[in-house]
Each structure stands twice: as structure tokens, then as C-alpha cells.
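Single-structure report; data block below.
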Amino acid sequence: MRKLNVAMIGGGFMGKAHSIAYAGMPMFFWPAPAIPHRMTVVDINEQMAKTAADRYGFENYSSDWRRVVEDPNIDIIDIVTPNDSHAEIAIAAAKAGKHIICEKPLARTAAESKLMLDAVKEAGVKHMVAFNYRRTPAIALAKKYIEEGAIGKILNFRGTYLQDWSADPNSPLSWRFKKDIAGSGALGDIATHVIDMARYLVGDITEVMATTQTWIKERPVQSGGVDKLGTVKASGDVQKAPVDVDDEVSTFLRFETGAVGSIEATRNAWGRNNFITFEIHGETGSIYFNYENRDELQVCFSSDPGDRRGFRTVYTGPAHPYGEALWPIPALGIGYTETKIVEAHDFISSIVNDTEVSPNFYDGYRIAVISDAILESARTEKWTKSI
Ligand code: SOE
């Protein structure tokens, strides 16, 4: 069976998720399109690179991503670093002829994302941006129902992404609160996942009307480079530094199809954890999804008899998208790992079969254009074109 050598740049939280996906992919998808071989892991800190290699099962490690990107033995560059390094690494990898999977958001701005898109197009390599949630079987099932016309023409998409890991003012100033590294706050970090879903399920977004807030204006400076996502709180008299990104974003949307909608995202919503929801209303039915109950898709069809009408639950399983490859019984439990495994499978299939995969750098670029428009609209307090 063909083997593709992977070099992963970055060894943090996302590195863990991608490594599990490479290891697990052939166990779910057999025969696998190719075996992803965990060859090299890179971290600028040599000791952390070594630990990542031991922990995540890579053959070797390095602290020099430039050398690794040039290594002729590597087929795939997997970018799981903070947002400010995505463009530089991806452009170098494309020039070296490597296929690239890059964590989301693609980059800090649309301009940076465009350079990445141009580079992969010019090099003719395969490219994917890791908006993994759309590979949750229930979300792919929503897409199938929509394509089959089960809810008719879509009128409205209402999406949310709510978390609470940064609601405490003592949770540290990670790179996710710094504009020069992250590009934006809740917008780039989590709202972009819902923008991806909205484009996937409804169509492209042509105009936005947004507002953003920064609730907590300064946070304790974080010691060490490790991003603990609020689990480690500062106490006592600590040094603080300003937050220069949005904590919360709300936007109305207009779609190219004529549908309308809204997205809200915040990491300051106490009690909400990975509360990714959407409710879609069509002319002949509705669909509701909540990632906190990710085996379930709630549906209501206007063709149901009047005395039985209401939302009912479909539990995803073998009869549904990716179901045959995953678990044999509905509701056995789909998780974050499964979405990453399906993502790895679809990316590797696109390389082996020379097909396009989505979301790719074009989608990442479009999401960056929409994100820039959201920030512009929040600044000007006006409807702003995003196409
Ligand atoms: C933090 O908000 C975070 O890790 C995001 O960066 C991820 O994209 C999301 O999947 C989980 O939460």
C-alpha cells in the first residue's frame, strides 16, 4: 500500500488531534487510500519537538521547519502552528512541491490568505484548511437533506459558537488574544468554523452587518509558550497586558442564494463549552444541530401529518455519511477525533486520486474575506460587501 510521509509543523493541542487522525485513519477507512506515515515533527523548541515525536509517534523531530519543508522524503506538510506563521510555512511548502493541510483560520487576513492560495495554485499541490466540524456525520447529513430538497429553498441560517474558557478575567493572555499573532479573536478562532458551515450548507455570504466587543481589556501575561486555553488561571498580583482582539462577534448575513441569517460567537459564555449550533429554516422544513449532542440531527418536515409535526431526532450511524467507515451502531459516540480522522482521509484521498478537496485554501481565503468584512462592518457600523 502506498505510504505518504507527513511532516507536522507544531506539536501542541492540534498536533495531538492530527497525529491521532493519521494513526486512526486506516483503522476506520480500510483499505486506506494511502498510509500516512508520521515522519517528522517540528517545534522551535528542540526538547518539545523530541517530546512531541515520542508522544505522537513520529519517526524523527526537528526544530528547523525550513529544512523539513525542503526534505525530498516528505510528501505532506501539516501546519498546526499559531496563525502568524501559516502563510510563511505554507508558501515555502508549496514552492517545495508539498501537499499542505493547514489549521484554521487559513491566515490572519484575506491578503495573507490570498498569497497562500496563489502559491498552492501555482505549485499545483493539494491543499486543505482544517475546518473539521463539517465532517461531523450529522452536519454532512444536514447537507445531504438540503441537497435532496428535503427542506426546500433555504430562508434562514442561525449559527452560534459559544465557549467559556476565556470568560474568567484571570485566564491568561494566550496568543489567541493578540492581533499580531491571531489576526482576530473569537471571530478567527471560532466564528470561522460556523462561517464554513454556513457556506457549506447554504452558499456563499455576500454581505454582513456586524458588531464586535472586547469585554476583558487586559489579561495576565502568560508564562511559557504553552497555550492552556484558560485551564490555568493567574492569581495574586500578576503583570497584565492589553487584549487587542474581539471577545465576541455577532453578525447578520446575506447569502448569494437570497437566504439571510446570523452568526454569534464568544468564548465568554459561562456554561457553554463547544456550543456550535445551527438552525436552518427552509420553505418545507427545518434542521437543528448542536455539537454538544453531535450524534443527533433534529429535523422537522412540513410533509409530516399535522398532528405529528415537530422536531424529531435522527441519530447518526452506518446509514449516514461516513457511517460505514465509523462505528456499526448509531449513537455509539462520534467525537472530535472522528471528524479529524475523516478530514485526514479526505485529504489523503485527494492526493492519491488527484481530486479537489474542500474546504481548501480557496474556501479559507473566502472565509478570510468574510472575516475582514465583519471587522470592517463592526468598525463602520454599516452593511459591508464580503464578495
Ligand atoms: C479554542 O477556542 C479552540 O481550540 C479553537 O481554536 C478550535 O478551533 C475549536 O475547535 C475548539 O476551541
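Identifiers for the C-alpha cells are assigned positionally: chains receive A, B, ... in sequence, residues are indexed from 1 per chain, and ligands are indexed from 1 in the order shown.
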
task: Extract the full set of alpha helix (DSSP H) residues from region 9-224 of chain A according to DSSP on the backbone, and format it as a ChimeraX atom specification.
output: /A:13-28,46-56,65-70,86-95,110-123,137-147,179-182,186,192-201

message: Let's see if you can do this: from backbone DSSP, list all strand (DSSP E or B) residues in region 15-66 of chain A, as number ranges by chain.
response: A: 35-42, 60-62

Test item: residues lying within 9 Å of ligand 1 with only C-alpha atoms and all ligand atoms, as a ChimeraX atom specification: /A:13-14,103-105,130-133,163-166,176,186,188-190,192-193,229,266-267,273-274,336

Shell of 8 Å around region 294-304 of chain A, only C-alpha atoms, local chain residues under 6 positions omitted, as number ranges by chain: A: 136-139, 141-142, 150-151, 284-288, 310-316, 330-331, 333-335

- prompt: Looking at A:Gly185, A:Gly317, A:Pro36, A:Gly323, which one is nearest to Ala21 (chain A), with distances taken over only C-alpha atoms?
  reply: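 Of A:Gly185, A:Gly317, A:Pro36, A:Gly323, the one nearest Ala21 (chain A), counting only C-alpha atoms, is A:Pro36.
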
Set the distance at 10 Å and use only C-alpha atoms: which residues neighbour Ile74 (chain A) once local chain neighbours fewer than 5 positions away are removed? I'd like the list as a tab-separated table (two decimals) with all heavy atoms, in the first residue's frame.
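And here is the file that came out, selection27.tsv:
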```
chain	number	residue	atom	x	y	z
A	4	LEU	N	2.48	7.83	2.46
A	4	LEU	CA	2.78	9.25	2.28
A	4	LEU	C	3.43	9.76	3.56
A	4	LEU	O	2.88	9.57	4.66
A	4	LEU	CB	1.49	10.04	1.99
A	4	LEU	CG	0.83	9.76	0.63
A	4	LEU	CD1	-0.53	10.45	0.53
A	4	LEU	CD2	1.72	10.20	-0.52
A	5	ASN	N	4.58	10.38	3.42
A	5	ASN	CA	5.32	10.85	4.59
A	5	ASN	C	4.86	12.24	5.02
A	5	ASN	O	4.84	13.17	4.21
A	5	ASN	CB	6.83	10.88	4.30
A	5	ASN	CG	7.37	9.48	4.14
A	5	ASN	OD1	6.87	8.54	4.77
A	5	ASN	ND2	8.37	9.32	3.30
A	6	VAL	N	4.49	12.33	6.29
A	6	VAL	CA	3.95	13.59	6.82
A	6	VAL	C	4.99	14.27	7.70
A	6	VAL	O	5.60	13.63	8.55
A	6	VAL	CB	2.71	13.32	7.70
A	6	VAL	CG1	2.13	14.63	8.26
A	6	VAL	CG2	1.64	12.55	6.94
A	7	ALA	N	5.14	15.59	7.49
A	7	ALA	CA	5.89	16.41	8.46
A	7	ALA	C	4.90	17.37	9.08
A	7	ALA	O	4.18	18.10	8.38
A	7	ALA	CB	7.01	17.17	7.78
A	37	HIS	N	2.37	8.27	7.00
A	37	HIS	CA	3.47	7.88	7.89
A	37	HIS	C	3.93	9.11	8.65
A	37	HIS	O	4.34	10.12	8.05
A	37	HIS	CB	4.62	7.30	7.06
A	37	HIS	CG	5.82	7.01	7.89
A	37	HIS	ND1	5.80	6.12	8.95
A	37	HIS	CD2	7.08	7.51	7.85
A	37	HIS	CE1	6.99	6.08	9.51
A	37	HIS	NE2	7.79	6.91	8.86
A	38	ARG	N	3.88	9.06	9.98
A	38	ARG	CA	4.29	10.20	10.81
A	38	ARG	C	5.82	10.25	10.84
A	38	ARG	O	6.46	9.62	11.64
A	38	ARG	CB	3.69	10.04	12.22
A	38	ARG	CG	2.21	10.42	12.27
A	38	ARG	CD	1.52	9.85	13.47
A	38	ARG	NE	1.26	8.44	13.30
A	38	ARG	CZ	1.17	7.55	14.29
A	38	ARG	NH1	1.33	7.92	15.54
A	38	ARG	NH2	0.92	6.27	14.03
A	39	MET	N	6.36	11.05	9.91
A	39	MET	CA	7.82	11.02	9.72
A	39	MET	C	8.56	12.02	10.61
A	39	MET	O	9.41	11.64	11.38
A	39	MET	CB	8.12	11.33	8.26
A	39	MET	CG	9.56	11.19	7.91
A	39	MET	SD	9.71	10.06	6.56
A	39	MET	CE	11.42	10.11	6.25
A	40	THR	N	8.19	13.33	10.49
A	40	THR	CA	8.95	14.35	11.23
A	40	THR	C	7.99	15.32	11.92
A	40	THR	O	7.03	15.76	11.30
A	40	THR	CB	9.85	15.17	10.26
A	40	THR	OG1	10.61	14.26	9.48
A	40	THR	CG2	10.78	16.11	11.00
A	68	VAL	N	12.95	21.06	6.99
A	68	VAL	CA	12.00	19.95	6.86
A	68	VAL	C	11.13	20.15	5.61
A	68	VAL	O	10.85	19.19	4.87
A	68	VAL	CB	11.14	19.84	8.14
A	68	VAL	CG1	10.01	18.86	7.96
A	68	VAL	CG2	12.03	19.44	9.32
A	69	VAL	N	10.73	21.39	5.37
A	69	VAL	CA	9.90	21.68	4.20
A	69	VAL	C	10.66	21.32	2.90
A	69	VAL	O	10.05	20.92	1.90
A	69	VAL	CB	9.49	23.18	4.25
A	69	VAL	CG1	9.17	23.72	2.89
A	69	VAL	CG2	8.30	23.36	5.19
A	96	ALA	N	8.14	24.12	-2.47
A	96	ALA	CA	8.90	22.86	-2.44
A	96	ALA	C	8.06	21.69	-2.98
A	96	ALA	O	8.50	20.54	-2.94
A	96	ALA	CB	9.36	22.58	-1.01
A	97	GLY	N	6.86	21.98	-3.45
A	97	GLY	CA	6.03	20.96	-4.10
A	97	GLY	C	5.31	20.02	-3.14
A	97	GLY	O	4.91	18.92	-3.52
A	98	LYS	N	5.12	20.45	-1.89
A	98	LYS	CA	4.46	19.58	-0.91
A	98	LYS	C	2.95	19.82	-0.90
A	98	LYS	O	2.50	20.96	-1.08
A	98	LYS	CB	4.97	19.85	0.51
A	98	LYS	CG	6.47	19.90	0.65
A	98	LYS	CD	7.14	18.60	0.29
A	98	LYS	CE	8.64	18.71	0.53
A	98	LYS	NZ	9.38	17.60	-0.09
A	99	HIS	N	2.19	18.76	-0.64
A	99	HIS	CA	0.77	18.92	-0.38
A	99	HIS	C	0.62	19.48	1.04
A	99	HIS	O	1.43	19.15	1.91
A	99	HIS	CB	0.06	17.57	-0.49
A	99	HIS	CG	0.30	16.92	-1.82
A	99	HIS	ND1	-0.14	17.46	-3.00
A	99	HIS	CD2	0.99	15.79	-2.15
A	99	HIS	CE1	0.23	16.70	-4.01
A	99	HIS	NE2	0.93	15.67	-3.53
```

query: What is the CA of Val357 (chain A)-CA of Met128 (chain A) distance in Å, reported with one decimal?
result: 6.7 Å

field: Among listed residues A:Asn268, A:Gln47, A:Asn83, A:Thr212, nearest Asp246 (chain A) (using only C-alpha atoms)
entry: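 When distances to Asp246 (chain A) are compared using only C-alpha atoms, the smallest one comes from A:Thr212.
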
message: So that I can see what lies close to region 87-89 of chain A, please list as a list in words the residues with an atom at most 7 Å from it, counting only C-alpha atoms and leaving out residues fewer than 5 positions away in the same chain.
response: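 Residues near the query, excluding close chain neighbours: Ala107, Glu112 and Met116 of chain A.
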
message: What's the separation between CA of Trp215 (chain A) and CA of Asp372 (chain A), in Å to one decimal place?
response: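 Straight-line distance from CA of Trp215 (chain A) to CA of Asp372 (chain A) works out to 20.4 Å.
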
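CA of Gly24 (chain A) sits 29.0 Å away from CA of Arg272 (chain A).
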
- prompt: Looking at A:Ala182, A:Leu253, A:Ile263, A:Met27, which one is nearest to Arg108 (chain A), with distances taken over only C-alpha atoms?
  reply: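 The answer is A:Ala182, which sits nearest to Arg108 (chain A).
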
- request: Return the single residue from A:Leu201, A:Ile20, A:Val238, A:Ala378 that is closest to Ser223 (chain A), with distances computed using only C-alpha atoms.
  value: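 Using only C-alpha atoms, Ser223 (chain A) sits closest to A:Val238.
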
task: Would you please work out which residue, of A:Ala198, A:Tyr22, A:Glu381, A:Ala94, is nearest to Leu117 (chain A) when using only C-alpha atoms?
output: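 Looking at the shortest contact to Leu117 (chain A), the residue is A:Ala94.
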
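Proximity to Arg379 (chain A) was assessed for A:Arg219, A:Phe28, A:Ser113, A:Met209 counting only C-alpha atoms; the smallest distance is recorded for A:Met209.
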